[in-house]
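Undergrad: Structure in structure tokens, see below.
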Amino acid sequence: MDAEPALRRGLPADAARTAPWILMYHSVTYEEHDPYLLTVSPERFAAQMAWLARSGRRGVGVRELLRARAAGRAARLVGLTFDDGYADFARHAAPVLRRHGFTASAYVVPDLLGGHNGWDPDGPRKPLLTADEVVELAAAGWEIGSHGLSHKALPGLSAAELAEQAQGSRRALEHLVGGPVTGFCYPYGAVDRAAAEAVREAGYQYACAIGHSELTGRFALPRCYVGDRDGGLRLLAKQGRHHWRDAVTGRRVPGPQAAEREAVR
């Protein structure tokens, strides 16, 4: 089966929709050694969220963002995502988000909960959220999504391995939080057609990638990297670059209404 038509089915009815602006975070903590530039200090993160609020924007999780777009209420919304499931999300990021009335999506790795980020060989060991912390976050209203079962890059995996990473992680998280898990985030942002199709077949409603590509759509949503140097002006410039890339690629993202149409076909 050709993944491209399946992934983009229902697009003509939503052709005017551009990809939503989604910010990509990883760790929010203090870190002197950060070779992968994945860490934002708590002070910088607080300043970034304050800038969003001052500019009339509101940060939301991706599931909420897509639902708002379907209802025509997403004009001032910005997607907020946190990859890898670092424990510092609960300690440093969530309290700031709550103060502003923001929400966010946290993508976790079920096989590694309570462990460390061993996939980053040259970076500092960072503790990951425990299973109990994930349950508490879900109960408090944060969107919990999958970041794969064991943080493997999906491109190049066999069909069985893809199913394990996509379906297996969803089953594990739904059992843990006692509710639906509808969002997926590709480890390392790496996605090809086979991976995107496996995620769709696993029953997710959307998936986050990083850059724009020929697969950009509901199962490869592009996101903007946010680093510790980014203030309001840099974030504004990144938003402009996101929209420029959207126009250049000519890709459009169907809203949840199109997703519902696709689900019954």
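Labeling convention for the structure tokens: chains A, B, ... as they appear, residues from 1 per chain, ligands from 1 in order of appearance.
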Using only C-alpha atoms, determine which residues lie at most 9 Å from Ala50 of chain A, disregarding the query and same-chain residues fewer than 5 positions distant; provide the list as a list in words.

TA: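 In the requested form, the answer reads Phe45, Ser55 and His100 of chain A.
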
Undergrad: Would you mind exporting the chosen residues as a short mmCIF file (atom, residue, chain, number, x, y, z; two decimals), in the first residue's frame, restricted to N, CA and C atoms?

TA:
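And here is the file that came out, again.cif:
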```cif
data_model
loop_
_atom_site.label_atom_id
_atom_site.label_comp_id
_atom_site.auth_asym_id
_atom_site.auth_seq_id
_atom_site.Cartn_x
_atom_site.Cartn_y
_atom_site.Cartn_z
N PHE A 45 13.02 29.73 29.99
CA PHE A 45 11.72 29.16 29.66
C PHE A 45 10.59 30.05 30.19
N SER A 55 2.14 38.65 24.22
CA SER A 55 1.81 38.88 22.81
C SER A 55 0.41 38.39 22.45
N HIS A 100 0.36 30.52 33.57
CA HIS A 100 -0.16 31.26 32.41
C HIS A 100 -1.45 30.65 31.87
#
```

Undergrad: Considering only helix (DSSP H, G or I) as DSSP defines it on the backbone, what residues of segment 139-203 of chain A qualify? List them as a PyMOL selection string.

TA: chain A and resi 139+159-177+187-189+193-201

Undergrad: DSSP on the backbone, then: every residue of segment 40-131 of chain A marked strand (DSSP E or B), written as number ranges by chain.

TA: A: 40, 58-60, 77-82, 86, 105-108, 116, 127-128

Undergrad: Quick one: residues within 8 Å of segment 130-134 of chain A, only C-alpha atoms, excluding same-chain residues fewer than 3 positions away - as a list of chain:residue names?

TA: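 The neighbour list is A:Ala87, A:Ala90, A:Leu113, A:Gly114, A:Gly115, A:Leu137, A:Ala138, A:Ile144, A:Leu176, A:Val177.
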
Undergrad: Could you name the residues that touch Val96 of chain A at 12 Å or less, counting only C-alpha atoms, but leaving out those on the same chain fewer than 6 positions away, as an mmCIF file with N, CA and C atoms, in the first residue's frame?

TA:
```cif
data_model
loop_
_atom_site.group_PDB
_atom_site.id
_atom_site.type_symbol
_atom_site.label_atom_id
_atom_site.label_comp_id
_atom_site.auth_asym_id
_atom_site.auth_seq_id
_atom_site.Cartn_x
_atom_site.Cartn_y
_atom_site.Cartn_z
ATOM 1 N N VAL A 28 14.024 21.260 30.460
ATOM 2 C CA VAL A 28 14.013 22.587 31.085
ATOM 3 C C VAL A 28 14.670 22.443 32.458
ATOM 4 N N PRO A 42 15.377 27.235 33.353
ATOM 5 C CA PRO A 42 14.059 27.627 33.858
ATOM 6 C C PRO A 42 13.764 29.111 33.690
ATOM 7 N N GLU A 43 14.782 29.974 33.881
ATOM 8 C CA GLU A 43 14.563 31.414 33.716
ATOM 9 C C GLU A 43 14.239 31.761 32.274
ATOM 10 N N ARG A 44 14.984 31.188 31.334
ATOM 11 C CA ARG A 44 14.716 31.465 29.927
ATOM 12 C C ARG A 44 13.347 30.927 29.519
ATOM 13 N N PHE A 45 13.020 29.733 29.994
ATOM 14 C CA PHE A 45 11.719 29.163 29.662
ATOM 15 C C PHE A 45 10.593 30.054 30.191
ATOM 16 N N ALA A 46 10.731 30.532 31.430
ATOM 17 C CA ALA A 46 9.718 31.415 32.002
ATOM 18 C C ALA A 46 9.577 32.687 31.165
ATOM 19 N N ALA A 47 10.699 33.222 30.701
ATOM 20 C CA ALA A 47 10.659 34.429 29.875
ATOM 21 C C ALA A 47 9.981 34.147 28.534
ATOM 22 N N GLN A 48 10.247 33.002 27.951
ATOM 23 C CA GLN A 48 9.605 32.650 26.681
ATOM 24 C C GLN A 48 8.096 32.517 26.829
ATOM 25 N N MET A 49 7.655 31.861 27.908
ATOM 26 C CA MET A 49 6.217 31.717 28.128
ATOM 27 C C MET A 49 5.574 33.069 28.438
ATOM 28 N N ALA A 50 6.291 33.931 29.163
ATOM 29 C CA ALA A 50 5.770 35.265 29.447
ATOM 30 C C ALA A 50 5.618 36.057 28.158
ATOM 31 N N ALA A 53 2.489 34.977 26.379
ATOM 32 C CA ALA A 53 1.303 35.530 27.038
ATOM 33 C C ALA A 53 1.144 37.019 26.746
ATOM 34 N N GLY A 59 -0.252 28.988 24.861
ATOM 35 C CA GLY A 59 0.351 27.693 24.565
ATOM 36 C C GLY A 59 -0.596 26.558 24.917
ATOM 37 N N ASP A 88 12.397 16.837 34.493
ATOM 38 C CA ASP A 88 12.338 18.270 34.775
ATOM 39 C C ASP A 88 11.097 18.935 34.190
ATOM 40 N N PHE A 89 10.353 18.242 33.297
ATOM 41 C CA PHE A 89 9.094 18.808 32.816
ATOM 42 C C PHE A 89 8.155 19.052 33.993
ATOM 43 N N ALA A 90 8.021 18.069 34.867
ATOM 44 C CA ALA A 90 7.129 18.203 36.020
ATOM 45 C C ALA A 90 7.656 19.225 37.020
ATOM 46 N N PHE A 102 -1.541 27.758 30.420
ATOM 47 C CA PHE A 102 -1.138 27.024 29.225
ATOM 48 C C PHE A 102 -1.252 25.521 29.478
ATOM 49 N N THR A 103 -1.325 24.776 28.385
ATOM 50 C CA THR A 103 -1.213 23.329 28.445
ATOM 51 C C THR A 103 -0.064 22.910 27.524
ATOM 52 N N ALA A 104 0.216 21.608 27.460
ATOM 53 C CA ALA A 104 1.312 21.134 26.619
ATOM 54 C C ALA A 104 1.184 19.635 26.416
#
```

Undergrad: Could you pull the residues within 12 Å of Ala159 of chain A, counting only C-alpha atoms, minus those fewer than 5 positions along the same chain, as a list in words?

TA: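 Everything that qualifies: Leu154, Glu164, Gln165, Ala166, Gln167, Arg193, Ala194, Ala195, Ala196, Glu197, Ala198, Val199, Glu201 and Ala202 of chain A.
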
Undergrad: For the atom pair atom CA of Pro187 of chain A and atom CA of Ala75 of chain A, what is the interatomic distance in Å to one decimal place?

TA: 28.8 Å

Undergrad: Quick one: of A:Val135, A:Ala74, A:Val181, A:Val191, who's nearest to Ala19 of chain A, counting only C-alpha atoms?

TA: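 Ranking A:Val135, A:Ala74, A:Val181, A:Val191 by distance to Ala19 of chain A, first place goes to A:Ala74.
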
Undergrad: Taking 5 positions as the minimum chain separation for residues in the same chain, which residues sit within 12 Å of Arg245 of chain A when counting only C-alpha atoms? Answer as a PyMOL selection string.

TA: chain A and resi 18-21+211-214+216+222-224+238-240+250-252

Undergrad: Please indicate the distance in Å from atom CA of Ala160 of chain A to atom CA of Arg200 of chain A, rounded to one decimal place.

TA: 14.7 Å

Undergrad: Go through A:Leu173, A:Val109, A:Leu80, A:Ala190 and flag the residue nearest Arg57 of chain A, using only C-alpha atoms for the distances.

TA: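 The shortest atom-to-atom distance to Arg57 of chain A comes from A:Leu80.
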
Undergrad: For His151 of chain A, list every protein, DNA or RNA residue within 12 Å, evaluated using only C-alpha atoms, and leave out those in the same chain fewer than 5 positions away; present the list as an mmCIF file with C-alpha atoms, in the first residue's frame.

TA:
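Listed below is the output, around.cif:
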```cif
data_model
loop_
_atom_site.group_PDB
_atom_site.id
_atom_site.type_symbol
_atom_site.label_atom_id
_atom_site.label_comp_id
_atom_site.auth_asym_id
_atom_site.auth_seq_id
_atom_site.Cartn_x
_atom_site.Cartn_y
_atom_site.Cartn_z
ATOM 1 C CA ASP A 83 10.171 15.354 23.804
ATOM 2 C CA ASP A 84 11.770 12.446 25.685
ATOM 3 C CA GLY A 85 9.823 12.698 28.948
ATOM 4 C CA TYR A 107 5.961 12.615 24.718
ATOM 5 C CA VAL A 108 7.390 9.806 26.833
ATOM 6 C CA VAL A 109 9.199 6.503 26.268
ATOM 7 C CA PRO A 110 7.275 3.797 28.177
ATOM 8 C CA ASP A 111 10.079 1.208 28.294
ATOM 9 C CA LEU A 112 12.447 3.739 29.884
ATOM 10 C CA LEU A 113 10.252 5.469 32.472
ATOM 11 C CA HIS A 116 17.831 8.011 31.950
ATOM 12 C CA ASN A 117 18.491 9.286 28.429
ATOM 13 C CA GLY A 118 20.985 6.608 27.444
ATOM 14 C CA TRP A 119 20.379 7.338 23.745
ATOM 15 C CA ASP A 120 22.486 10.538 24.072
ATOM 16 C CA SER A 146 4.205 8.321 22.757
ATOM 17 C CA LEU A 162 7.567 -0.522 13.514
ATOM 18 C CA GLU A 164 6.146 -2.750 18.215
ATOM 19 C CA GLN A 165 7.361 0.833 18.524
ATOM 20 C CA ALA A 166 4.036 2.412 17.491
ATOM 21 C CA SER A 169 4.030 2.037 23.051
ATOM 22 C CA PHE A 184 2.955 10.259 18.611
ATOM 23 C CA CYS A 185 6.325 11.997 18.313
ATOM 24 C CA TYR A 186 9.059 10.426 16.168
ATOM 25 C CA PRO A 187 12.294 9.788 18.077
ATOM 26 C CA TYR A 188 15.018 12.095 16.720
ATOM 27 C CA GLY A 189 12.305 13.588 14.490
ATOM 28 C CA ALA A 190 13.136 10.850 11.979
#
```

Undergrad: Identify which of the residues A:Val248, A:Ala209, A:Arg54, A:Val62 lies closest to Ala153 of chain A, counting only C-alpha atoms when measuring atom-to-atom distances.

TA: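 Answer, going by the shortest atom-to-atom distance: A:Ala209.
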